[in-house]
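**Student:** Before we start, here is the structure in question, set down as structure tokens.
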Amino acid sequence: MAKRSSLSIRIVEGKNLPAKDISGSSDPYCIVKVDNEPIIRTATVWKTLCPFWGEEYQVHLPPTFHAVAFYVMDEDALSRDDVIGKVCLTRDTLAAHPKGFTGWAHLTEVDPDEEVQGEIHLRLEVLPGSRACRLRCSVLEARDLAPKDRNGASDPFVRVRYNGRIQETSVVKKSCYPRWNETFEFELEEGTTEVLYVEAWDWDLVSRNDFLGKVVVNVQRLREARTEEEGWFRLQPDQSKSRRGEGNLGSLQLEVRLRDEMVLPSSCYQPLVQLLCREVKLGAQGPGQLIPVIEETTSTECRQEVATNLLKLFLGQGLAKEFLDLLFQLELGRTSEANTLFRSNSLASKSMESFLKVAGMRYLHGVLGPIIDRVFEEKKYVELDPSKVEVKDVGCSGLHRPPTEAELLEQSAQALRAHLGALLSALSRSVRACPAVVRATFRQLFRRVRERFPGAQHENVPFIAVTSFLCLRFISPAIMSPKLFHLRERHADARTSRTLLLLAKAVQNVGNMDAPASRAKEAWMEPLQPTVRQGVAQLKDFITRLVDIGEKEELDLQRTLSLQAPPMKEGTLLIHRTKGKGPLLSSSFKKLHFSLTTEALSFAKTPSSKKSALIKPANIRAAEKVEERSFGSSHVMQVIYTDEAGRPRTAYLQCKCVNELNQWLSALRKVSINNAGLLGSYHPGIFRGDKWSCCHQRDRTDGGCDKTRSRVTLQEWNDPLDHDLEAQLIYRHLLSVESTLREKHRELSRSTGAGTVPTDLDEVPADTLAELLQVLRDLGDAHSCSRACLPSLGPTSLLELQTSKRPSGTQRSRGNARVNAALETAHAQSPGAALRLRKVLQADEAVMTSVGSAGVAREGPRLGLWRRRALRVCTGLRR
């Protein structure tokens with residue numbers, strides 16, 4: 001049982017940005033930071049003040065994050081990139097928009113006093129005295145402070161202010177992870193309303209000190225609490241200055257949605273999964289079937305999301321082909337005209353789109369990748385529309401005269417014919433490379449359409465049905481936007497974009513089987529007609545061979561693929577492995593090709609060379625970033641693991657950009673997420689000489705000075721399927737339309753004269769829809785019990801924001817009392833729910849035990865105490 005948060009981010013476009021270059025333009029890109037940690041960098045759009053990105057990302061992160069910020073930057077080749085402005089969305093702002101934040105946001109100026117990060121560890125208490133009480137503040141340490149100096153670090157010290165008195169700690173040189181362990185005392189005056197300010201500063205010898213953040217403590221409430229308060233507190237910015245620049249730096253259009261999900265153990269979702277799988281196996285039978293009802297009750301705006309969740313669920317159950325076949329039958333049953341088949345945004349169309357992206361992306365890269373690379377490398381001027389030809393854009397080479405318009409059109413036609421021919425040839429040769437489940441699905445689609453539209457007049461309809469997904473919804477969009485399909489790291493420039501657009505149009509004409517309507521729309525595409533007609537014959541032959549797959553061949557292909565562990569991530573990295581003492585320099589890195597699977601992180605000299613295993617995923621303890629000053633690069637990560645003898649080891653790997661770094665970190669964290677003994681802290685620096693470069697500690701075995709971020713990951717197209725999360729998302733959708741489902745059940749009951757809406761938990765449902773409503777109610781009870789058994793201590797009133805606080809004995813007693821009361825209430829309402837809760841707690845107890853024993857998190861022992869207490873209560877109630 002775990003609470004998971006995710007951010008769906010779409011960076012659409014910017015407008016009215018200020019010019020940062022001498023040419024009167026800018027080269028803008030975006031950096032996305034979560035709590036000041038860079039996780040995403042968009043592509044650069046060159047020479048524009050109104051850039052369009054259209055990039056989408058899915059980020060999984062802990063529920064305790066505070067804000068997500070979007071920085072618009074101007075890329076410079078020779079100097080440091082300029083900051084144009086930023087948009088910051090707090091967690092509270094996103095939570096206030098359940099359907100997501102959508103719209104234009106003004107960029108604001110980036111103020112150094114507001115760009116703070118990190119946390120500080122404090123111990124606070126009020127001591128009684130003979131004349132007056134004393135306030136004791138112990139400044140212990142800090143972590144992840146902002147680097148303010150050119151060496152990539154800071155020289156931090158802490159200034160404590162109360163009632164006009166100021167005391168300061170010593171300065172720790174060249175560290176963003178300082179340790180002070182200094183204590184200060186102030187005399188409290190009766191009736192005063194003063195607050196305690198704890199400010200972190202970067203000491204500078206010549207210029208003024210730089211502000212690193214502050215914490216504000218309500219002394220009066222601390223006095224009333226009469227307990228010692230200790231914990232990590234998030235540093236806050238200085239917001240005393242008025243906001244400047246808003247509305248003058250342009251705007252950014254964003255779509256951001258926060259989703260918090262409490263994911264229960266797999267056993268809780270089994271009734272829902274089994275019910276949906278049973279319905280798919282039965283096929284299209286009866287008016288009360290669930291899949292048609294789900295489609296009917298799903299709105300247009302959330303249809304893509306529901307289709308993706310259902311598709312992933314059935315793909316994990318091995319029923320993707322059957323699920324899509326059922327949707328094909330439903331779509332064909334309500335379609336009377338062949339030319340409108342699969343043209344709407346139905347559940348079948350959306351599910352098939354998601355299916356091809358999940359199951360066929362690697363196949364797409366193999367077929368389309370070389371053609372896209374060639375178009376980007378050539379950068380030829382290609383244009384077929386005479387009204388858009390610009391001879392001056394072509395220029396001339398050496399002593400040759402500029403080409404005429406007719407010559408340009410002929411050269412463009414030749415280039416497009418070459419690209420289209422190469423693509424169709426690659427497609428024809430790729431039958432065996434296509435995944436078996438994709439081929440089997442297209443076989444079912446081809447058969448169903450041919451059965452629905454027989455006869456010579458509909459000879460091409462089955463082929464068009466296949467190409468409507470393969471060409472029009474998969475290959476053509478990938479050609480027009482290769483970055484969105486991970487075919488390229490950057491967007492195409494204007495010239496390459498036009499070439500890709502014309503190539504995509506030609507592919508669409510081939511996919512439409514050279515229909516007269518397609519030719520009539522753009523007559524200037526006529527020079528490509530001979531290649532298009534030849535391509536139609538090639539494509540029909542390819543589809544005929546593609547769908548000609550028997551059950552035995554399908555099973556053999558699936559078995560062959562199952563024996564091959566597909567790489568989750570691969571690419572060229574630079575590696576340095578620690579070997580005793582001595583300095584670590586960037587020149588000591590070695591360039592190798594790495595491949596990560598669920599079996600091993602391996603390397604080789606070249607992609608085709610024999611691989612050698614470096615690390616087993618089961619031995620990984622953490623995958624984290626290395627601070628920039630350690631190697632002079634901000635794109636270095638460390639993989640902490642144990643060797644075969646159980647000894648700790650660290651491998652340092654350098655990536656070429658921030659996106660590649662975060663992708664590798666995400667992949668490594670995903671393959672090791674269930675490992676026992678994951679670290680809760682680590683050193684972001686390196687052990688150089690006789691001390692750690694980050695915190696200056698001399699003990700090499702020191703536990704670490706910063707917390708790990710094992711739950712911060714990016715969603716990728718080749719991620720392993722998360723069955724529990726997909727089931728939870730489907731449950732959440734069905735819960736949102738529960739009232740509609742009940743009304744639909746009443747209609748079906750009246751029409752058949754049988755079945756009733758379940759009102760009692762012990763009542764056995766009489767039909768499938770009633771069974772679904774019963775399952776939703778059971779899952780609702782399980783969620784209610786899980787929330788009751790994990791009460792929070794509530795936000796502290798002493799600080800503005802707090803990240804980790806050690807509770808007092810009184811607070812733990814109150815938490816246990818709330819657990820007991822909630823469980824007793826839950827048991828009285830539903831004995832069955834209490835039994836399910838017991839299973840939930842038993843599963844979670846094993847997880848928390850391993851977490852606590854490995855020292856993964858400070859919260860482990862406290863949460864484990866609550867869960868163990870809840871388990872005993874639940875066990876007693878059952879007896």
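In the structure tokens, chains take letters A, B, ... by order of appearance, with residues numbered from 1 within each chain and ligands from 1 in the order shown.
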Identify, on the basis of only C-alpha atoms, every residue whose closest approach to A:Gly164 does not exceed 12 Å; exclude the query and any residue fewer than 3 positions from it along the same chain; express the result as a PyMOL selection string.
**Tutor:** chain A and resi 160-161+167+186-188+194-197
**Student:** Keeping only N, CA and C atoms, take the residues you just selected and write them out as a short mmCIF file (atom, residue, chain, number, x, y, z; two decimals), in the first residue's frame.
**Tutor:**
```
data_model
loop_
_atom_site.label_atom_id
_atom_site.label_comp_id
_atom_site.auth_asym_id
_atom_site.auth_seq_id
_atom_site.Cartn_x
_atom_site.Cartn_y
_atom_site.Cartn_z
N VAL A 160 20.91 33.49 13.35
CA VAL A 160 19.70 33.28 14.15
C VAL A 160 19.32 34.62 14.77
N ARG A 161 18.10 35.07 14.51
CA ARG A 161 17.64 36.38 15.01
C ARG A 161 16.39 36.19 15.87
N GLN A 167 22.78 36.06 16.46
CA GLN A 167 23.91 35.16 16.70
C GLN A 167 24.17 34.37 15.41
N PHE A 186 18.35 32.25 23.79
CA PHE A 186 17.79 33.59 23.90
C PHE A 186 16.87 33.63 25.10
N GLU A 187 16.84 34.76 25.77
CA GLU A 187 15.95 34.93 26.90
C GLU A 187 14.59 35.39 26.40
N LEU A 188 13.54 34.69 26.85
CA LEU A 188 12.19 35.01 26.41
C LEU A 188 11.56 36.04 27.35
N GLU A 194 7.25 38.05 19.29
CA GLU A 194 8.35 37.93 18.34
C GLU A 194 8.47 36.49 17.84
N VAL A 195 8.94 36.37 16.59
CA VAL A 195 9.21 35.06 16.01
C VAL A 195 10.71 34.89 15.89
N LEU A 196 11.14 33.65 15.76
CA LEU A 196 12.55 33.33 15.61
C LEU A 196 12.86 33.14 14.13
N TYR A 197 13.89 33.84 13.65
CA TYR A 197 14.31 33.72 12.27
C TYR A 197 15.63 32.94 12.23
#
```
**Student:** Using only C-alpha atoms, which protein or nucleic acid residues come within 8 Å of stretch 433-447 of chain A? Drop anything in the same chain fewer than 5 positions from it, and give the result as a ChimeraX atom specification.
**Tutor:** /A:321,324-325,328,356,359-360,363,462-463,465-466,546-549,554-555,557-558
**Student:** For those residues, write C-alpha atoms to a file as a PDB file, in the first residue's frame.
**Tutor:**
```pdb
ATOM      1  CA  LYS A 321      -5.620  -8.826 -28.652  1.00  0.00           C
ATOM      2  CA  LEU A 324      -9.073  -4.821 -29.114  1.00  0.00           C
ATOM      3  CA  ASP A 325     -10.968  -7.487 -31.070  1.00  0.00           C
ATOM      4  CA  PHE A 328     -13.393  -3.771 -33.333  1.00  0.00           C
ATOM      5  CA  LEU A 356       0.781   0.744 -31.104  1.00  0.00           C
ATOM      6  CA  ALA A 359       3.758  -2.505 -28.126  1.00  0.00           C
ATOM      7  CA  GLY A 360       5.162  -1.175 -31.403  1.00  0.00           C
ATOM      8  CA  TYR A 363       9.452  -1.624 -34.190  1.00  0.00           C
ATOM      9  CA  PRO A 462      -9.698  -4.246 -44.949  1.00  0.00           C
ATOM     10  CA  PHE A 463      -6.360  -2.820 -46.116  1.00  0.00           C
ATOM     11  CA  ALA A 465      -8.652  -0.318 -41.941  1.00  0.00           C
ATOM     12  CA  VAL A 466      -5.111  -1.526 -41.171  1.00  0.00           C
ATOM     13  CA  LEU A 546       1.737  -9.123 -41.976  1.00  0.00           C
ATOM     14  CA  VAL A 547      -1.698 -10.571 -41.133  1.00  0.00           C
ATOM     15  CA  ASP A 548      -0.762 -14.049 -42.380  1.00  0.00           C
ATOM     16  CA  ILE A 549       0.262 -15.357 -38.980  1.00  0.00           C
ATOM     17  CA  GLU A 554       2.319 -16.324 -32.936  1.00  0.00           C
ATOM     18  CA  LEU A 555       3.154 -18.456 -29.900  1.00  0.00           C
ATOM     19  CA  LEU A 557       7.391 -15.543 -31.803  1.00  0.00           C
ATOM     20  CA  GLN A 558       6.109 -14.608 -28.368  1.00  0.00           C
TER      21      GLN A 558
END
```
**Student:** Select, from A:Val110, A:Leu326, A:Leu487, A:Val391, the residue with the minimum atom-to-atom distance to A:Ile371, counting only C-alpha atoms.
**Tutor:** A:Leu487
**Student:** Set the distance at 8 Å and use only C-alpha atoms: which residues neighbour A:Leu145 once local chain neighbours fewer than 6 positions away are removed? I'd like the list as JSON, numbers by chain.
**Tutor:** {"A": [116, 117, 118, 119, 154, 176, 177, 212]}
**Student:** Report the distance between atom CA of A:Leu679 and atom CA of A:Gln638 in Å, rounded to one decimal place.
**Tutor:**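 Atom-to-atom, atom CA of A:Leu679 to atom CA of A:Gln638, that is 12.9 Å.
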**Student:** Give me the residues near stretch 95-105 of chain A as a VMD selection string, where near means some atom within 6 Å (using only C-alpha atoms) and where sequence neighbours in that chain fewer than 4 positions away do not count.
**Tutor:** chain A and resid 251 to 257
**Student:** When you look at A:Lys590 with a cut-off of 8 Å (counting only C-alpha atoms), what residues show up, excluding the ones that are within fewer than 4 positions of it in the same chain? I need them as an MDAnalysis selection string.
**Tutor:** chainID A and resid 574:576
**Student:** Keeping only C-alpha atoms, write the selected residues to a file as a short mmCIF file (atom, residue, chain, number, x, y, z; two decimals), in the first residue's frame.
**Tutor:**
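Written file, again16.cif:
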```
data_model
loop_
_atom_site.label_atom_id
_atom_site.label_comp_id
_atom_site.auth_asym_id
_atom_site.auth_seq_id
_atom_site.Cartn_x
_atom_site.Cartn_y
_atom_site.Cartn_z
CA LEU A 574 31.37 7.73 -19.98
CA ILE A 575 32.31 5.58 -16.99
CA HIS A 576 34.69 5.99 -14.08
#
```
**Student:** Can you work out which one of A:Glu771, A:Glu489, A:Glu716, A:Asp706 has the shortest atom-to-atom distance to A:Glu627, counting only C-alpha atoms?
**Tutor:** A:Asp706
**Student:** So how far away is atom CA of A:Thr44 from atom CA of A:Val382, in Å?
**Tutor:** 22.8 Å
**Student:** Give me, as a VMD selection string, all polymer residues having an atom no more than 10 Å from A:Ala623, counting only C-alpha atoms and skipping those fewer than 4 positions away in the same chain.
**Tutor:** chain A and resid 637 to 641 650 to 652 664 to 669 672 678 to 679 682 708 to 710
**Student:** My list of candidates is A:Leu368, A:Ala19, A:Ala494, A:Leu7. Which is closest to A:Glu75 when distances are computed with only C-alpha atoms?
**Tutor:** A:Ala19
**Student:** Using only C-alpha atoms, determine which residues lie at most 10 Å from stretch 701-704 of chain A, disregarding the query and same-chain residues fewer than 2 positions distant; provide the list as a count of residues only.
**Tutor:** 19
**Student:** Between A:Pro62, A:Gly366, A:Pro265, A:Pro51, which one has atoms that come closest to A:Ser25, using only C-alpha atoms?
**Tutor:**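 Checking each of A:Pro62, A:Gly366, A:Pro265, A:Pro51 against A:Ser25, counting only C-alpha atoms, the winner is A:Pro51.
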**Student:** Would you compute the distance between atom CA of A:Gly455 and atom CA of A:Glu337? Give it in Å to one decimal.
**Tutor:**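 Distance reported for this atom pair: 14.0 Å.
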**Student:** I need the residues of stretch 394-542 of chain A that end up classed as alpha helix (DSSP H) by DSSP on the backbone, written out as a compact mmCIF listing (two decimals) with N, CA and C atoms, in the first residue's frame.
**Tutor:**
```txt
# COMPACT_ATOMS: atom_id res chain seq x y z
N GLU A 405 12.97 27.70 -60.68
CA GLU A 405 11.84 27.13 -59.93
C GLU A 405 11.51 25.73 -60.42
N ALA A 406 11.54 25.52 -61.71
CA ALA A 406 11.24 24.19 -62.26
C ALA A 406 12.28 23.17 -61.81
N GLU A 407 13.55 23.58 -61.78
CA GLU A 407 14.59 22.67 -61.33
C GLU A 407 14.42 22.33 -59.85
N LEU A 408 14.03 23.33 -59.06
CA LEU A 408 13.79 23.08 -57.63
C LEU A 408 12.67 22.08 -57.42
N LEU A 409 11.58 22.24 -58.18
CA LEU A 409 10.45 21.33 -58.04
C LEU A 409 10.84 19.90 -58.41
N GLU A 410 11.65 19.77 -59.47
CA GLU A 410 12.07 18.44 -59.90
C GLU A 410 13.03 17.81 -58.88
N GLN A 411 13.95 18.61 -58.34
CA GLN A 411 14.86 18.09 -57.33
C GLN A 411 14.11 17.68 -56.06
N SER A 412 13.10 18.47 -55.69
CA SER A 412 12.30 18.14 -54.51
C SER A 412 11.53 16.85 -54.71
N ALA A 413 10.96 16.68 -55.92
CA ALA A 413 10.22 15.45 -56.20
C ALA A 413 11.14 14.23 -56.13
N GLN A 414 12.36 14.38 -56.68
CA GLN A 414 13.31 13.27 -56.63
C GLN A 414 13.67 12.92 -55.18
N ALA A 415 13.91 13.92 -54.36
CA ALA A 415 14.26 13.67 -52.96
C ALA A 415 13.13 12.96 -52.22
N LEU A 416 11.89 13.43 -52.43
CA LEU A 416 10.75 12.82 -51.74
C LEU A 416 10.51 11.40 -52.25
N ARG A 417 10.69 11.17 -53.56
CA ARG A 417 10.52 9.82 -54.09
C ARG A 417 11.55 8.88 -53.47
N ALA A 418 12.75 9.38 -53.27
CA ALA A 418 13.80 8.54 -52.67
C ALA A 418 13.46 8.20 -51.22
N HIS A 419 13.01 9.20 -50.46
CA HIS A 419 12.66 8.95 -49.06
C HIS A 419 11.46 8.02 -48.95
N LEU A 420 10.44 8.25 -49.78
CA LEU A 420 9.24 7.41 -49.73
C LEU A 420 9.56 5.99 -50.15
N GLY A 421 10.36 5.82 -51.20
CA GLY A 421 10.75 4.48 -51.63
C GLY A 421 11.55 3.74 -50.56
N ALA A 422 12.46 4.46 -49.90
CA ALA A 422 13.25 3.83 -48.85
C ALA A 422 12.37 3.40 -47.67
N LEU A 423 11.38 4.24 -47.33
CA LEU A 423 10.48 3.90 -46.23
C LEU A 423 9.63 2.68 -46.56
N LEU A 424 9.08 2.64 -47.78
CA LEU A 424 8.23 1.50 -48.16
C LEU A 424 9.05 0.22 -48.26
N SER A 425 10.28 0.32 -48.72
CA SER A 425 11.14 -0.87 -48.80
C SER A 425 11.46 -1.38 -47.40
N ALA A 426 11.77 -0.46 -46.48
CA ALA A 426 12.05 -0.86 -45.10
C ALA A 426 10.82 -1.50 -44.47
N LEU A 427 9.65 -0.97 -44.78
CA LEU A 427 8.41 -1.53 -44.23
C LEU A 427 8.17 -2.93 -44.77
N SER A 428 8.42 -3.12 -46.06
CA SER A 428 8.19 -4.44 -46.67
C SER A 428 9.10 -5.51 -46.07
N ALA A 436 4.70 -10.02 -32.43
CA ALA A 436 3.66 -11.01 -32.73
C ALA A 436 2.29 -10.53 -32.30
N VAL A 437 2.20 -9.85 -31.15
CA VAL A 437 0.89 -9.40 -30.67
C VAL A 437 0.33 -8.32 -31.58
N VAL A 438 1.19 -7.50 -32.19
CA VAL A 438 0.73 -6.48 -33.14
C VAL A 438 0.22 -7.15 -34.41
N ARG A 439 0.96 -8.14 -34.91
CA ARG A 439 0.53 -8.84 -36.11
C ARG A 439 -0.79 -9.57 -35.87
N ALA A 440 -0.92 -10.21 -34.74
CA ALA A 440 -2.16 -10.94 -34.45
C ALA A 440 -3.34 -9.98 -34.32
N THR A 441 -3.11 -8.80 -33.77
CA THR A 441 -4.20 -7.82 -33.65
C THR A 441 -4.63 -7.32 -35.01
N PHE A 442 -3.66 -7.03 -35.87
CA PHE A 442 -4.01 -6.60 -37.23
C PHE A 442 -4.70 -7.73 -37.99
N ARG A 443 -4.34 -8.96 -37.71
CA ARG A 443 -5.02 -10.10 -38.36
C ARG A 443 -6.51 -10.10 -37.98
N GLN A 444 -6.79 -9.92 -36.69
CA GLN A 444 -8.18 -9.88 -36.26
C GLN A 444 -8.93 -8.71 -36.89
N LEU A 445 -8.27 -7.55 -36.94
CA LEU A 445 -8.91 -6.38 -37.55
C LEU A 445 -9.20 -6.64 -39.03
N PHE A 446 -8.26 -7.20 -39.74
CA PHE A 446 -8.43 -7.47 -41.17
C PHE A 446 -9.60 -8.43 -41.39
N ARG A 447 -9.68 -9.49 -40.59
CA ARG A 447 -10.75 -10.48 -40.75
C ARG A 447 -12.11 -9.88 -40.42
N ARG A 448 -12.20 -9.13 -39.32
CA ARG A 448 -13.48 -8.56 -38.92
C ARG A 448 -14.02 -7.59 -39.97
N VAL A 449 -13.15 -6.77 -40.53
CA VAL A 449 -13.59 -5.79 -41.53
C VAL A 449 -14.01 -6.50 -42.82
N ARG A 450 -13.26 -7.53 -43.21
CA ARG A 450 -13.62 -8.25 -44.43
C ARG A 450 -14.95 -8.97 -44.26
N GLU A 451 -15.24 -9.47 -43.06
CA GLU A 451 -16.53 -10.11 -42.80
C GLU A 451 -17.67 -9.09 -42.82
N ARG A 452 -17.39 -7.88 -42.33
CA ARG A 452 -18.44 -6.85 -42.26
C ARG A 452 -18.70 -6.22 -43.62
N VAL A 461 -11.14 -2.10 -48.43
CA VAL A 461 -11.55 -1.65 -47.09
C VAL A 461 -10.75 -2.32 -45.98
N PRO A 462 -10.52 -3.65 -46.01
CA PRO A 462 -9.70 -4.25 -44.95
C PRO A 462 -8.28 -3.68 -44.91
N PHE A 463 -7.70 -3.40 -46.08
CA PHE A 463 -6.36 -2.82 -46.12
C PHE A 463 -6.36 -1.40 -45.55
N ILE A 464 -7.40 -0.62 -45.92
CA ILE A 464 -7.49 0.76 -45.41
C ILE A 464 -7.71 0.76 -43.90
N ALA A 465 -8.44 -0.24 -43.39
CA ALA A 465 -8.65 -0.32 -41.94
C ALA A 465 -7.32 -0.49 -41.21
N VAL A 466 -6.43 -1.32 -41.79
CA VAL A 466 -5.11 -1.53 -41.17
C VAL A 466 -4.26 -0.27 -41.30
N THR A 467 -4.25 0.33 -42.50
CA THR A 467 -3.41 1.52 -42.70
C THR A 467 -3.95 2.73 -41.95
N SER A 468 -5.25 2.75 -41.63
CA SER A 468 -5.78 3.88 -40.86
C SER A 468 -5.12 3.99 -39.50
N PHE A 469 -4.66 2.86 -38.97
CA PHE A 469 -3.92 2.88 -37.70
C PHE A 469 -2.41 2.90 -37.95
N LEU A 470 -1.94 2.01 -38.82
CA LEU A 470 -0.50 1.87 -39.00
C LEU A 470 0.11 3.11 -39.64
N SER A 476 2.73 8.30 -39.83
CA SER A 476 2.68 9.71 -40.27
C SER A 476 2.88 10.69 -39.12
N PRO A 477 2.21 10.53 -37.95
CA PRO A 477 2.50 11.45 -36.84
C PRO A 477 3.96 11.39 -36.39
N ALA A 478 4.57 10.19 -36.44
CA ALA A 478 5.97 10.08 -36.05
C ALA A 478 6.88 10.80 -37.04
N ILE A 479 6.52 10.79 -38.32
CA ILE A 479 7.32 11.52 -39.31
C ILE A 479 7.22 13.02 -39.08
N MET A 480 6.02 13.52 -38.80
CA MET A 480 5.84 14.96 -38.62
C MET A 480 6.42 15.47 -37.31
N ALA A 494 12.95 24.74 -39.74
CA ALA A 494 11.84 25.02 -40.66
C ALA A 494 11.98 24.23 -41.96
N ARG A 495 13.21 24.15 -42.50
CA ARG A 495 13.42 23.45 -43.77
C ARG A 495 13.17 21.95 -43.62
N THR A 496 13.71 21.35 -42.55
CA THR A 496 13.52 19.92 -42.34
C THR A 496 12.06 19.61 -42.01
N SER A 497 11.40 20.48 -41.28
CA SER A 497 9.98 20.28 -40.94
C SER A 497 9.13 20.20 -42.20
N ARG A 498 9.43 21.07 -43.18
CA ARG A 498 8.66 21.05 -44.42
C ARG A 498 8.88 19.74 -45.17
N THR A 499 10.11 19.24 -45.20
CA THR A 499 10.39 17.96 -45.86
C THR A 499 9.62 16.83 -45.18
N LEU A 500 9.64 16.83 -43.86
CA LEU A 500 8.93 15.78 -43.11
C LEU A 500 7.42 15.86 -43.35
N LEU A 501 6.89 17.08 -43.42
CA LEU A 501 5.45 17.23 -43.67
C LEU A 501 5.07 16.68 -45.03
N LEU A 502 5.84 16.99 -46.06
CA LEU A 502 5.54 16.48 -47.39
C LEU A 502 5.68 14.97 -47.45
N LEU A 503 6.66 14.42 -46.75
CA LEU A 503 6.81 12.96 -46.71
C LEU A 503 5.63 12.31 -46.00
N ALA A 504 5.15 12.94 -44.92
CA ALA A 504 3.99 12.40 -44.21
C ALA A 504 2.74 12.44 -45.08
N LYS A 505 2.58 13.49 -45.88
CA LYS A 505 1.44 13.56 -46.80
C LYS A 505 1.49 12.44 -47.82
N ALA A 506 2.70 12.17 -48.31
CA ALA A 506 2.83 11.08 -49.28
C ALA A 506 2.50 9.73 -48.65
N VAL A 507 2.92 9.51 -47.42
CA VAL A 507 2.59 8.26 -46.72
C VAL A 507 1.09 8.15 -46.51
N GLN A 508 0.43 9.25 -46.21
CA GLN A 508 -1.02 9.22 -46.03
C GLN A 508 -1.72 8.85 -47.34
N ASN A 509 -1.23 9.39 -48.46
CA ASN A 509 -1.82 9.03 -49.75
C ASN A 509 -1.66 7.54 -50.03
N VAL A 510 -0.50 7.00 -49.69
CA VAL A 510 -0.31 5.56 -49.87
C VAL A 510 -1.23 4.80 -48.94
N GLY A 511 -1.37 5.26 -47.69
CA GLY A 511 -2.25 4.59 -46.74
C GLY A 511 -3.70 4.64 -47.13
N PRO A 516 -9.07 8.83 -54.97
CA PRO A 516 -9.21 10.06 -55.78
C PRO A 516 -9.41 11.30 -54.91
N ALA A 517 -10.07 11.15 -53.77
CA ALA A 517 -10.30 12.31 -52.91
C ALA A 517 -8.98 12.88 -52.40
N SER A 518 -8.02 12.00 -52.14
CA SER A 518 -6.72 12.47 -51.65
C SER A 518 -5.97 13.23 -52.75
N ARG A 519 -6.06 12.75 -53.98
CA ARG A 519 -5.36 13.43 -55.08
C ARG A 519 -5.99 14.78 -55.39
N ALA A 520 -7.31 14.89 -55.24
CA ALA A 520 -8.00 16.13 -55.59
C ALA A 520 -7.67 17.25 -54.63
N LYS A 521 -7.31 16.94 -53.39
CA LYS A 521 -7.06 17.99 -52.40
C LYS A 521 -5.82 18.81 -52.75
N GLN A 529 2.92 10.73 -57.85
CA GLN A 529 1.91 9.71 -58.10
C GLN A 529 2.48 8.36 -58.55
N PRO A 530 3.48 8.32 -59.45
CA PRO A 530 4.02 6.99 -59.82
C PRO A 530 4.57 6.23 -58.61
N THR A 531 5.28 6.95 -57.74
CA THR A 531 5.82 6.29 -56.54
C THR A 531 4.71 5.90 -55.59
N VAL A 532 3.64 6.72 -55.50
CA VAL A 532 2.51 6.42 -54.62
C VAL A 532 1.79 5.17 -55.10
N ARG A 533 1.54 5.08 -56.43
CA ARG A 533 0.86 3.90 -56.96
C ARG A 533 1.70 2.64 -56.74
N GLN A 534 2.99 2.75 -56.95
CA GLN A 534 3.86 1.60 -56.69
C GLN A 534 3.86 1.26 -55.20
N GLY A 535 3.81 2.30 -54.37
CA GLY A 535 3.77 2.09 -52.93
C GLY A 535 2.51 1.41 -52.46
N VAL A 536 1.37 1.68 -53.11
CA VAL A 536 0.12 1.03 -52.75
C VAL A 536 0.24 -0.48 -52.94
N ALA A 537 0.83 -0.90 -54.06
CA ALA A 537 1.01 -2.34 -54.30
C ALA A 537 1.95 -2.94 -53.27
N GLN A 538 3.03 -2.22 -52.96
CA GLN A 538 3.96 -2.71 -51.94
C GLN A 538 3.28 -2.83 -50.58
N LEU A 539 2.47 -1.82 -50.23
CA LEU A 539 1.83 -1.81 -48.92
C LEU A 539 0.80 -2.93 -48.81
N LYS A 540 0.03 -3.18 -49.86
CA LYS A 540 -0.95 -4.26 -49.83
C LYS A 540 -0.27 -5.61 -49.68
N ASP A 541 0.85 -5.77 -50.38
CA ASP A 541 1.61 -7.02 -50.24
C ASP A 541 2.15 -7.16 -48.82
N PHE A 542 2.63 -6.05 -48.26
CA PHE A 542 3.15 -6.08 -46.88
C PHE A 542 2.05 -6.45 -45.89
```
